[in-house]
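To start, the structure itself, in structure tokens.
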Amino acid sequence: MTKVLITDPIDQKGIDILSQVAQVDQKIGISNSELASIIHDYDALMIRSGTQVTGDIINSSKKLRIIGRAGVGVDNVDVKAATQKGVLVVNSPGGNTIAAAEHTIAMMLALSRNIPIANSSTFLGKWERKKFVGNELFKKKLGVVGLGKIGTHVAKVANALEMDVYGYDPFVSSERAQQLQVRLSELKTLFEESDYVTLHLPRTSETENLVNMKVLKSMKKNAKLINCARGGIIDEEALAEALNNSLIGGAAIDVFAKEPLDSNSPLLKVDKNLILTPHLGASTREAQENVAVDVAEQIRDVLLGLSARTAVNIPGLSPDIMDSLKPHLQLAETMGLLISQLSGGQIQKLEVRLQGEFVQHPSQPLIIASLKGLLSKALGDRINYVNASLEAESRGISVVESKDEARPEFASGSLQLTTFGDNGEHSVAGSIFADGELRIISIDQYPVNVSPSRFMLITRHRDMPGIIGKLGSLLGDHNVNIASMQVGRKIVRGEAVMVLSIDDPIPTNLLESILEVEGITSSDPVTL
Ligand SMILES: NC(=O)c1ccc[n+]([C@@H]2O[C@H](COP(=O)([O-])OP(=O)(O)OC[C@H]3O[C@@H](n4cnc5c(N)ncnc54)[C@H](O)[C@@H]3O)[C@@H](O)[C@H]2O)c1
Ligand SMILES: O=C(O)[C@H](O)COP(=O)(O)O
């Protein structure tokens, strides 16, 4: 008997779909240890954000085939463990977009018109009209951080309210922003100049504590901050301090670093201009029906041996292909990640060129892996082999593929990625050496021979005596240890590229000093 377990409240329509093909058990609010002890009995698990599907739980399963997240965020699922175990993870990327966007607008209005506090006061029998004078949204400057599905809808409604909408999203082109009637802005300026700032980006290692004390201090004294995206993007201690000291005008928060919100949270001690809701962004009847039906249909299909529409992990590739292409996929992904950091800004086109022995492999997986690498800085663990092409398409990145069977420079052939975007054209080529080691063999057409490492620094300079020494001492003075250094040049004393593998990330102030070295024209830190 096929069995599905549901551990969070799910709309009945989803349950009805699952009941057509399986026995459905509902154990809402079950503890992690209890879940780990019964999961071996189930073929599918359906959840929302309330259940933490840990690696232990996944590894305790015996016949689990699919985890369905009735919503967007899969940060409560150990996707890596699921992938390793061969368990498909599916979600509903668009089912609650409108709900989350409307909650954001509701938060902005409630904050501006003191609705929660005025309501409490009126219920206490008071009539405090003077105390609760608010402000209008009309003509105010709104800064939207993250112009994906939800940020875009918020911008649309804000435009209808005749707000001046500004946006920051490194992966949105100026053309797309123009269509949305959003003026693109630098992140720093957006925080400094907005009357309202609303966050609509994922929580990744890059966005964690993006809004910290320094950022809060840079905001206008009457500015209001709204977070209906993910907890952890705002430093909650700093926000409490900023509100208590009137550094900003108010905040409305739906999502928290730890959920349910800890009773010791500093936010609970703030007594002014703060609205808190318990992760209600997606909690509308419509959204719950959308996500439940969307995910239940996918679980049903997978249990019947069909494919899923919006899988978050396993690519639509057979395990055999994945196995035989493992180093090639790793190379493509690493190169995508590297070139995204070299290119910076919005990318409009990616050219993927296979040469020599690489031509014999299916190109699609290599393209997908390159795109996954290219977008992973923006999308964190939400980008995967399944959705990489779709995400690139929705960001206006076109992909061109070319093949060259000619005898290659490297016996094993090579892969070259070229990006075309806001910052011009950039290219990286790589190969796999006989020992199976990945190598970067050229950067921006300059020949190098470098093993990719976690932290790298790539500079461009005029080839002249003393420059390598100067850079070396500068890094040494800042206690940055160099593991290896390579110079690639086409002609003696011409333009050159220097690639350093370093043991630590480069401090931001050091980048400025590097650019002051005579002859160095660019300096890009890379984290792989
Ligand atoms: N409160 C809720 O109940 C609720 C409901 C649904 C979604 N969410 C959350 O809302 C957020 C947005 O969801 P979405 O569906 O619009 O996702 P999306 O993937 O469509 O959009 C996210 C956008 O963030 C951008 N981005 C990534 N890193 C960035 C950075 N450093 N700076 C600026 N922009 C960056 C991406 O380019 C992308 O355009 C997610 O965190 C999601 O989990 C919350
Ligand atoms: O990621 C999501 O879809 C939202 O955060 C909603 O979460 P929920 O399904 O637990 O309400």
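Labeling convention for the structure tokens: chains A, B, ... as they appear, residues from 1 per chain, ligands from 1 in order of appearance.
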
Which residues are near ligand 1 in this structure, taking near to mean any atom at most 8 Å from a ligand atom and counting only C-alpha atoms and all ligand atoms? Format them as JSON, numbers by chain. {"A": [71, 72, 73, 74, 93, 94, 96, 97, 99, 100, 103, 145, 146, 147, 148, 149, 150, 151, 152, 168, 169, 170, 171, 172, 187, 199, 200, 201, 202, 203, 204, 206, 207, 227, 228, 229, 230, 254, 255, 279, 280, 281, 282, 283, 377, 378, 379, 380, 382, 395]}

Just-selected residues, C-alpha atoms written as an mmCIF file, in the first residue's frame:
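New file part_15.cif:
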```
data_model
loop_
_atom_site.group_PDB
_atom_site.id
_atom_site.type_symbol
_atom_site.label_atom_id
_atom_site.label_comp_id
_atom_site.auth_asym_id
_atom_site.auth_seq_id
_atom_site.Cartn_x
_atom_site.Cartn_y
_atom_site.Cartn_z
ATOM 1 C CA GLY A 71 4.984 26.516 -0.607
ATOM 2 C CA VAL A 72 8.166 28.108 -1.931
ATOM 3 C CA GLY A 73 11.024 27.905 0.582
ATOM 4 C CA VAL A 74 12.762 24.575 1.012
ATOM 5 C CA PRO A 93 7.235 28.304 -6.624
ATOM 6 C CA GLY A 94 4.342 30.560 -7.623
ATOM 7 C CA ASN A 96 1.619 31.910 -2.844
ATOM 8 C CA THR A 97 3.240 34.848 -4.668
ATOM 9 C CA ALA A 99 -0.536 36.191 -0.879
ATOM 10 C CA ALA A 100 3.005 37.137 0.197
ATOM 11 C CA HIS A 103 0.755 40.677 3.100
ATOM 12 C CA VAL A 145 15.244 44.458 -2.551
ATOM 13 C CA GLY A 146 14.818 41.360 -4.750
ATOM 14 C CA LEU A 147 12.730 41.740 -7.901
ATOM 15 C CA GLY A 148 11.634 38.136 -8.301
ATOM 16 C CA LYS A 149 8.045 36.942 -8.332
ATOM 17 C CA ILE A 150 6.935 38.569 -5.063
ATOM 18 C CA GLY A 151 9.071 41.734 -5.323
ATOM 19 C CA THR A 152 7.690 42.302 -8.809
ATOM 20 C CA TYR A 168 17.832 46.364 -6.331
ATOM 21 C CA ASP A 169 18.402 42.931 -7.806
ATOM 22 C CA PRO A 170 21.739 42.056 -9.371
ATOM 23 C CA PHE A 171 20.004 39.590 -11.671
ATOM 24 C CA VAL A 172 17.411 41.881 -13.189
ATOM 25 C CA LEU A 187 21.740 48.742 -2.626
ATOM 26 C CA LEU A 199 12.843 42.592 1.296
ATOM 27 C CA HIS A 200 11.992 39.875 -1.247
ATOM 28 C CA LEU A 201 15.151 37.825 -1.648
ATOM 29 C CA PRO A 202 16.143 34.378 -0.454
ATOM 30 C CA ARG A 203 18.220 33.760 2.632
ATOM 31 C CA THR A 204 21.658 32.653 1.453
ATOM 32 C CA GLU A 206 25.339 36.271 0.958
ATOM 33 C CA THR A 207 22.092 37.730 2.263
ATOM 34 C CA ASN A 227 10.459 41.682 5.820
ATOM 35 C CA CYS A 228 8.055 39.078 4.462
ATOM 36 C CA ALA A 229 10.872 37.071 2.835
ATOM 37 C CA ARG A 230 13.038 35.047 5.195
ATOM 38 C CA ASP A 254 6.673 38.266 9.233
ATOM 39 C CA VAL A 255 9.658 35.904 9.258
ATOM 40 C CA HIS A 279 4.915 33.858 9.172
ATOM 41 C CA LEU A 280 1.520 34.625 7.647
ATOM 42 C CA GLY A 281 2.722 35.669 4.176
ATOM 43 C CA ALA A 282 1.284 32.603 2.470
ATOM 44 C CA SER A 283 -1.678 32.168 4.763
ATOM 45 C CA LYS A 377 25.315 33.428 -5.994
ATOM 46 C CA ALA A 378 21.883 34.990 -6.524
ATOM 47 C CA LEU A 379 19.659 32.054 -5.734
ATOM 48 C CA GLY A 380 21.653 30.045 -3.211
ATOM 49 C CA ARG A 382 17.192 27.244 -4.582
ATOM 50 C CA ARG A 395 16.132 36.479 -15.980
#
```

Inset, instruction - Run DSSP on the backbone of this structure and report the residues of stretch 303-516 of chain A it assigns to alpha helix (DSSP H), as a ChimeraX atom specification. - result: /A:303,319-324,326-343,363-379,388-394,467-477,508-516

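Distance check against ligand 2 using only C-alpha atoms and all ligand atoms: of A:Gly95, A:Gly436, A:Gly14, A:Gly232, the minimum falls on A:Gly95.
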
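For the residues A:Lys27, A:Lys224, A:His153, A:Arg285, ranking by smallest atom-to-atom distance to ligand 2 using only C-alpha atoms and all ligand atoms places A:Arg285 first.
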
_DSSP on the backbone, strand (DSSP E or B) only: what residues of stretch 62-283 of chain A does that give? Format it as a count of residues only._
37
